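Here is the structure we will look at, set down as structure tokens.
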Amino acid sequence: MLEAPGQVLRALRAAPPDQVVEAADRVIRSVLGASRMDVFVADYRISGLWPVLGGDLTDGGFLACHGVAQRCYSSQQPVTDTDDEGRCRLYLPLSVWGERLGVLLVELPAPVGADTVGRAADIAGELAVVLRAADRGTDRYRRVRRRERLSMAAEMQWELLPGRGVSHPAFELAGQLEPAYLVGGDHFDWSVDEDLTVTALNGSGIGLAAALLTAVTVNALRNARRSGGSLVEQAELASDTVYYQHRGRRYVATLLLQLDTTTGRVRAVDAGSPHLLRQRGATVTPIELEQQLPLGMFADARYDVQEFDLAPGDRLFIVSDGVWSADPGDRGAYGERAMARAMRSTRLQPPAEAVGTVMRELHAWHADADLRDDAVVVCLDWRGPVGRGDA
């Protein structure tokens, strides 16, 4: 019988990428005496959780199972569910550094105590890390995640993302793209390297052309950042790269932020249309920055940094123009009429839930019709400063 966490992790790592879930099944049956398990993964739109193994869920029903799994996914806490025959279903969040992948379901023959729940949670944590790594070597989990076919532009944008979120002692961050299966030029990126760098982008045009433009820009920003370039150097290299490819005919509206995790000081370059709002308590106010030229509009464009401070408990929302200016035609712009109300309604939600709430309200503003433009929402919670060695 496998006992030590190290043995469990070795068993998972020894499995081929497409067989990680089957390896987890064997490990969990051995360690916990489980009768059944499955892994549920969130789809691109985060509209549901879907089984990887797709085993027999008739006893109790998939819908009931799915509902409890959704509760676990939302709360990020273990949830137990015992049926009339005394069988215990244990639902555990699958998350890596704050990025929510899905839920692990473990069925046990009888109710269990806190020690067993703790061991199962440890296994879920190890499984989440391995699944995230395995996702780069197989299409299996991506096929489960997509509930319809992605456009070529959307395929590129999702592959370019660093993830859907990240957690840190000083902050928590999450973002979402919509329309999930058709998104073109809108994108967000982030990197944690002592400080946090976040960018939100909106490449001009539609579809594949916009996605290609955004991909070039993101990689230029990353090239400068990974070479040790400052926020200004990142913006200027990306702007020059786009300009000398398109000669000003195409450009990318971009907001770049760099958060000092030891102080809460934010440095910003506002190069276009993404909007920045701060929620402090129940009050939502725009962060007024001097708007500079979008990246790639002119040769040798130069950019200035602006700064502002965050207080512990502050929440920042970054929204693209497709969110702010969304107008179904008879209700006015979403950003001017309804967005602050939607943001206030997220006060008790973590960022991963908050971005979903704002997106759902945006769809409702469109009377649940398809969005007319790409949309990005990024939510950042500032918890408070930490020392360099405390993260």
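Ordering of the structure tokens sets the chain letters (A, B, ...); residue numbers start at 1 within each chain; ligands are numbered from 1 in the order shown.
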So which residues touch segment 109-123 of chain A within 7 Å, counting only C-alpha atoms, skipping near sequence neighbours fewer than 6 positions away, as a VMD selection string?
chain A and resid 35 86 to 88 92
Which neighbours of Phe298 of chain A fall inside 9 Å, counting only C-alpha atoms, when residues of the same chain fewer than 6 positions from it are skipped, and could you give them as JSON, numbers by chain?
{"A": [239, 240, 243, 247, 248, 251]}
Export N, CA and C atoms of the chosen residues as a PDB file, in the first residue's frame?
```
ATOM      1  N   SER A 239       6.117  48.427 -28.733  1.00  0.00           N
ATOM      2  CA  SER A 239       5.614  49.421 -29.678  1.00  0.00           C
ATOM      3  C   SER A 239       6.450  49.437 -30.951  1.00  0.00           C
ATOM      4  N   ASP A 240       7.770  49.430 -30.803  1.00  0.00           N
ATOM      5  CA  ASP A 240       8.648  49.423 -31.973  1.00  0.00           C
ATOM      6  C   ASP A 240       8.444  48.149 -32.802  1.00  0.00           C
ATOM      7  N   TYR A 243       5.180  48.527 -34.665  1.00  0.00           N
ATOM      8  CA  TYR A 243       5.236  49.568 -35.694  1.00  0.00           C
ATOM      9  C   TYR A 243       6.020  49.102 -36.913  1.00  0.00           C
ATOM     10  N   ARG A 247       3.764  49.461 -39.657  1.00  0.00           N
ATOM     11  CA  ARG A 247       3.938  50.868 -40.063  1.00  0.00           C
ATOM     12  C   ARG A 247       2.779  51.752 -39.620  1.00  0.00           C
ATOM     13  N   GLY A 248       2.256  51.500 -38.434  1.00  0.00           N
ATOM     14  CA  GLY A 248       1.219  52.349 -37.866  1.00  0.00           C
ATOM     15  C   GLY A 248      -0.191  51.999 -38.297  1.00  0.00           C
ATOM     16  N   TYR A 251      -2.267  48.599 -34.374  1.00  0.00           N
ATOM     17  CA  TYR A 251      -1.717  48.974 -33.076  1.00  0.00           C
ATOM     18  C   TYR A 251      -2.443  48.203 -31.973  1.00  0.00           C
TER      19      TYR A 251
END
```
Can you list every residue in segment 39-177 of chain A that DSSP puts in alpha helix (DSSP H), as a JSON list (two decimals) with C-alpha atoms, in the first residue's frame?
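That gives us result_32.json:
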```json
[["chain", "number", "residue", "atom", "x", "y", "z"],
["A", 62, "PHE", "CA", -24.38, 13.43, -12.75],
["A", 63, "LEU", "CA", -26.38, 16.62, -12.17],
["A", 64, "ALA", "CA", -26.37, 16.15, -8.40],
["A", 65, "CYS", "CA", -22.70, 15.23, -8.49],
["A", 66, "HIS", "CA", -21.96, 18.25, -10.62],
["A", 67, "GLY", "CA", -23.80, 20.59, -8.25],
["A", 68, "VAL", "CA", -21.76, 19.51, -5.22],
["A", 69, "ALA", "CA", -18.55, 19.68, -7.28],
["A", 70, "GLN", "CA", -19.45, 23.23, -8.26],
["A", 71, "ARG", "CA", -19.87, 24.14, -4.59],
["A", 72, "CYS", "CA", -16.38, 22.77, -3.88],
["A", 73, "TYR", "CA", -14.93, 24.63, -6.87],
["A", 74, "SER", "CA", -16.48, 27.93, -5.81],
["A", 75, "SER", "CA", -15.58, 27.68, -2.12],
["A", 114, "ALA", "CA", -10.62, 14.90, 9.35],
["A", 115, "ASP", "CA", -7.39, 12.91, 8.99],
["A", 116, "THR", "CA", -8.66, 11.13, 5.87],
["A", 117, "VAL", "CA", -9.97, 14.40, 4.42],
["A", 118, "GLY", "CA", -6.54, 15.93, 5.04],
["A", 119, "ARG", "CA", -4.74, 13.06, 3.30],
["A", 120, "ALA", "CA", -7.13, 13.28, 0.38],
["A", 121, "ALA", "CA", -6.57, 17.05, 0.15],
["A", 122, "ASP", "CA", -2.80, 16.47, 0.04],
["A", 123, "ILE", "CA", -3.26, 14.01, -2.82],
["A", 124, "ALA", "CA", -5.52, 16.50, -4.63],
["A", 125, "GLY", "CA", -2.79, 19.13, -4.33],
["A", 126, "GLU", "CA", -0.19, 16.80, -5.79],
["A", 127, "LEU", "CA", -2.55, 15.74, -8.56],
["A", 128, "ALA", "CA", -3.26, 19.37, -9.48],
["A", 129, "VAL", "CA", 0.45, 20.12, -9.93],
["A", 130, "VAL", "CA", 0.96, 17.06, -12.11],
["A", 131, "LEU", "CA", -2.18, 17.75, -14.17],
["A", 132, "ARG", "CA", -1.01, 21.29, -14.90],
["A", 133, "ALA", "CA", 2.33, 19.94, -16.12],
["A", 134, "ALA", "CA", 0.71, 17.09, -18.07],
["A", 140, "ARG", "CA", -6.87, 15.03, -23.50],
["A", 141, "TYR", "CA", -7.76, 17.56, -20.81],
["A", 142, "ARG", "CA", -8.21, 20.40, -23.29],
["A", 143, "ARG", "CA", -10.75, 18.27, -25.16],
["A", 144, "VAL", "CA", -12.75, 17.86, -21.96],
["A", 145, "ARG", "CA", -12.55, 21.60, -21.24],
["A", 152, "MET", "CA", -8.32, 29.67, -34.57],
["A", 153, "ALA", "CA", -7.96, 33.09, -32.91],
["A", 154, "ALA", "CA", -9.33, 31.79, -29.61],
["A", 155, "GLU", "CA", -7.03, 28.75, -29.77],
["A", 156, "MET", "CA", -4.06, 31.11, -30.00],
["A", 157, "GLN", "CA", -5.25, 33.39, -27.21],
["A", 158, "TRP", "CA", -5.89, 30.60, -24.71],
["A", 159, "GLU", "CA", -2.51, 29.00, -25.46],
["A", 160, "LEU", "CA", -0.82, 32.36, -24.91]]
```
Atom CA of Val269 of chain A to atom CA of Gln245 of chain A, straight-line distance in Å
22.1 Å
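One distance worth recording is that between atom CA of Gln77 of chain A and atom CA of Pro385 of chain A, which is 25.7 Å.
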For Asn223 of chain A, list every protein, DNA or RNA residue within 10 Å, evaluated using only C-alpha atoms, and leave out those in the same chain fewer than 5 positions away; present the list as a list in words.
Thr217, Val218, Gly228, Gly229, Gln234, Leu237 and Ala238 of chain A
Same residues, N, CA and C atoms, output as a PDB file, in the first residue's frame:
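Wrote it out as again-v5.pdb, contents follow:
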```pdb
ATOM      1  N   THR A 217       2.707  41.227 -29.776  1.00  0.00           N
ATOM      2  CA  THR A 217       2.886  42.220 -28.718  1.00  0.00           C
ATOM      3  C   THR A 217       3.210  41.566 -27.386  1.00  0.00           C
ATOM      4  N   VAL A 218       2.454  40.532 -27.021  1.00  0.00           N
ATOM      5  CA  VAL A 218       2.694  39.835 -25.750  1.00  0.00           C
ATOM      6  C   VAL A 218       4.113  39.282 -25.705  1.00  0.00           C
ATOM      7  N   GLY A 228      15.096  41.782 -18.274  1.00  0.00           N
ATOM      8  CA  GLY A 228      15.326  42.732 -17.196  1.00  0.00           C
ATOM      9  C   GLY A 228      14.891  44.146 -17.510  1.00  0.00           C
ATOM     10  N   GLY A 229      14.131  44.338 -18.597  1.00  0.00           N
ATOM     11  CA  GLY A 229      13.700  45.669 -18.985  1.00  0.00           C
ATOM     12  C   GLY A 229      12.658  46.239 -18.043  1.00  0.00           C
ATOM     13  N   GLN A 234       9.661  47.788 -21.690  1.00  0.00           N
ATOM     14  CA  GLN A 234       8.743  46.779 -22.219  1.00  0.00           C
ATOM     15  C   GLN A 234       7.775  47.412 -23.215  1.00  0.00           C
ATOM     16  N   LEU A 237       9.760  48.596 -26.500  1.00  0.00           N
ATOM     17  CA  LEU A 237      10.169  47.510 -27.388  1.00  0.00           C
ATOM     18  C   LEU A 237       8.955  46.931 -28.111  1.00  0.00           C
ATOM     19  N   ALA A 238       7.868  46.717 -27.375  1.00  0.00           N
ATOM     20  CA  ALA A 238       6.671  46.167 -28.006  1.00  0.00           C
ATOM     21  C   ALA A 238       6.111  47.134 -29.049  1.00  0.00           C
TER      22      ALA A 238
END
```
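In terms of minimum interatomic distance to Val20 of chain A, A:Leu53 ranks closest within A:Leu32, A:Val377, A:Ala253, A:Leu53, counting only C-alpha atoms.
Distances here use only C-alpha atoms; by that measure, the residue among A:Leu104, A:Leu256, A:Gly207, A:Ala271 closest to Arg302 of chain A is A:Ala271.
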How many Å separate atom CA of Val252 of chain A from atom CA of Ala235 of chain A?
10.7 Å
Extract, using only C-alpha atoms, all DNA, RNA and protein residues at most 12 Å from Leu259 of chain A, discarding same-chain residues fewer than 3 positions from it, and format them as number ranges by chain.
A: 170-173, 190-199, 231, 256, 262-268, 307-310, 316, 380-382, 384-385
With C-alpha atoms retained, export the selected residues as a compact mmCIF listing (two decimals), in the first residue's frame.
```txt
# COMPACT_ATOMS: atom_id res chain seq x y z
CA ALA A 170 0.48 39.82 -0.91
CA PHE A 171 -2.21 39.51 -3.58
CA GLU A 172 -4.66 37.34 -5.48
CA LEU A 173 -5.27 37.70 -9.20
CA TRP A 190 1.07 38.42 -15.79
CA SER A 191 4.33 37.42 -14.19
CA VAL A 192 5.42 37.11 -10.55
CA ASP A 193 9.11 37.91 -10.03
CA GLU A 194 9.34 39.57 -6.60
CA ASP A 195 7.04 42.25 -8.02
CA LEU A 196 3.88 41.47 -10.01
CA THR A 197 3.60 42.63 -13.61
CA VAL A 198 0.14 42.61 -15.24
CA THR A 199 -0.81 43.64 -18.76
CA LEU A 231 8.02 48.88 -17.61
CA LEU A 256 0.89 47.78 -18.12
CA THR A 262 6.68 45.14 -0.39
CA THR A 263 4.87 48.50 -0.47
CA GLY A 264 1.67 48.34 -2.51
CA ARG A 265 3.01 51.00 -4.87
CA VAL A 266 1.82 50.54 -8.47
CA ARG A 267 3.71 51.81 -11.50
CA ALA A 268 1.62 52.10 -14.67
CA GLU A 307 2.28 55.81 -9.96
CA PHE A 308 -0.42 55.30 -7.34
CA ASP A 309 -0.74 53.43 -4.05
CA LEU A 310 -2.97 50.61 -2.89
CA LEU A 316 -8.44 46.56 -8.81
CA LEU A 380 -6.52 41.93 -8.40
CA ASP A 381 -6.93 41.89 -4.62
CA TRP A 382 -4.17 43.61 -2.64
CA GLY A 384 -0.93 43.92 2.04
CA PRO A 385 2.85 44.17 1.79
```
So that I can check the surroundings of segment 349-357 of chain A, please list as a PyMOL selection string every protein, DNA and RNA residue that reaches within 9 Å of it, counting only C-alpha atoms and ignoring chain neighbours fewer than 4 positions away.
chain A and resi 45-46+74+98-100+164-165+172-176+315+317+342-343+345+361-362+377-381
Go ahead and write the selection's residues with C-alpha atoms as a tab-separated table (two decimals), in the first residue's frame.
```
chain	number	residue	atom	x	y	z
A	45	ARG	CA	-16.27	29.67	-20.10
A	46	ILE	CA	-16.31	28.32	-16.51
A	74	SER	CA	-16.48	27.93	-5.81
A	98	GLY	CA	-4.34	29.88	-6.83
A	99	GLU	CA	-5.26	28.78	-10.36
A	100	ARG	CA	-8.44	26.69	-10.26
A	164	ARG	CA	-6.37	32.03	-15.22
A	165	GLY	CA	-5.02	33.31	-11.95
A	172	GLU	CA	-4.66	37.34	-5.48
A	173	LEU	CA	-5.27	37.70	-9.20
A	174	ALA	CA	-7.70	36.22	-11.74
A	175	GLY	CA	-8.80	36.97	-15.29
A	176	GLN	CA	-11.24	35.80	-17.95
A	315	ARG	CA	-9.43	45.55	-5.28
A	317	PHE	CA	-10.45	45.71	-11.90
A	342	ALA	CA	-21.69	44.52	-10.80
A	343	MET	CA	-18.30	45.13	-9.18
A	345	SER	CA	-21.78	42.86	-5.87
A	361	GLU	CA	-23.60	40.67	-15.75
A	362	LEU	CA	-22.08	41.76	-19.07
A	377	VAL	CA	-11.81	41.28	-17.05
A	378	VAL	CA	-8.89	41.03	-14.62
A	379	CYS	CA	-9.38	41.30	-10.86
A	380	LEU	CA	-6.52	41.93	-8.40
A	381	ASP	CA	-6.93	41.89	-4.62
```
Taking the DSSP secondary structure from the backbone, can you list the residues of segment 132-256 of chain A that are strand (DSSP E), as a ChimeraX atom specification?
/A:165-168,171-178,186-193,195-203,252-256
When distances are computed from only C-alpha atoms, which of A:Val79, A:Val21, A:Leu101, A:Ile287 shows the smallest separation from Val166 of chain A?
A:Leu101
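Candidate residues A:Gln292, A:Thr254, A:Thr214, A:Gln7 were compared for distance to Val183 of chain A, and the nearest is A:Thr214, using only C-alpha atoms.
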So that I can see what lies close to Val52 of chain A, please list as number ranges by chain the residues with an atom at most 7 Å from it, counting only C-alpha atoms and leaving out residues fewer than 2 positions away in the same chain.
A: 38-40, 50, 54, 144
Would you mind exporting the chosen residues as an mmCIF file, in the first residue's frame, restricted to N, CA and C atoms?
```cif
data_model
loop_
_atom_site.group_PDB
_atom_site.id
_atom_site.type_symbol
_atom_site.label_atom_id
_atom_site.label_comp_id
_atom_site.auth_asym_id
_atom_site.auth_seq_id
_atom_site.Cartn_x
_atom_site.Cartn_y
_atom_site.Cartn_z
ATOM 1 N N ASP A 38 -13.095 10.396 -9.734
ATOM 2 C CA ASP A 38 -13.078 11.052 -11.042
ATOM 3 C C ASP A 38 -12.515 12.446 -10.850
ATOM 4 N N VAL A 39 -12.103 13.019 -11.955
ATOM 5 C CA VAL A 39 -11.595 14.382 -11.976
ATOM 6 C C VAL A 39 -12.534 15.212 -12.837
ATOM 7 N N PHE A 40 -13.007 16.326 -12.299
ATOM 8 C CA PHE A 40 -13.845 17.263 -13.039
ATOM 9 C C PHE A 40 -13.009 18.488 -13.378
ATOM 10 N N TRP A 50 -16.636 19.158 -15.798
ATOM 11 C CA TRP A 50 -16.898 18.013 -16.654
ATOM 12 C C TRP A 50 -15.944 16.867 -16.333
ATOM 13 N N GLY A 54 -15.465 10.069 -16.879
ATOM 14 C CA GLY A 54 -16.842 9.862 -17.341
ATOM 15 C C GLY A 54 -17.404 8.521 -16.924
ATOM 16 N N VAL A 144 -11.677 17.868 -22.949
ATOM 17 C CA VAL A 144 -12.755 17.863 -21.960
ATOM 18 C C VAL A 144 -13.196 19.287 -21.649
#
```
Between A:Gly163, A:Gln19, A:Tyr244, A:Asn219, which one has atoms that come closest to Asp300 of chain A, using only C-alpha atoms?
A:Tyr244
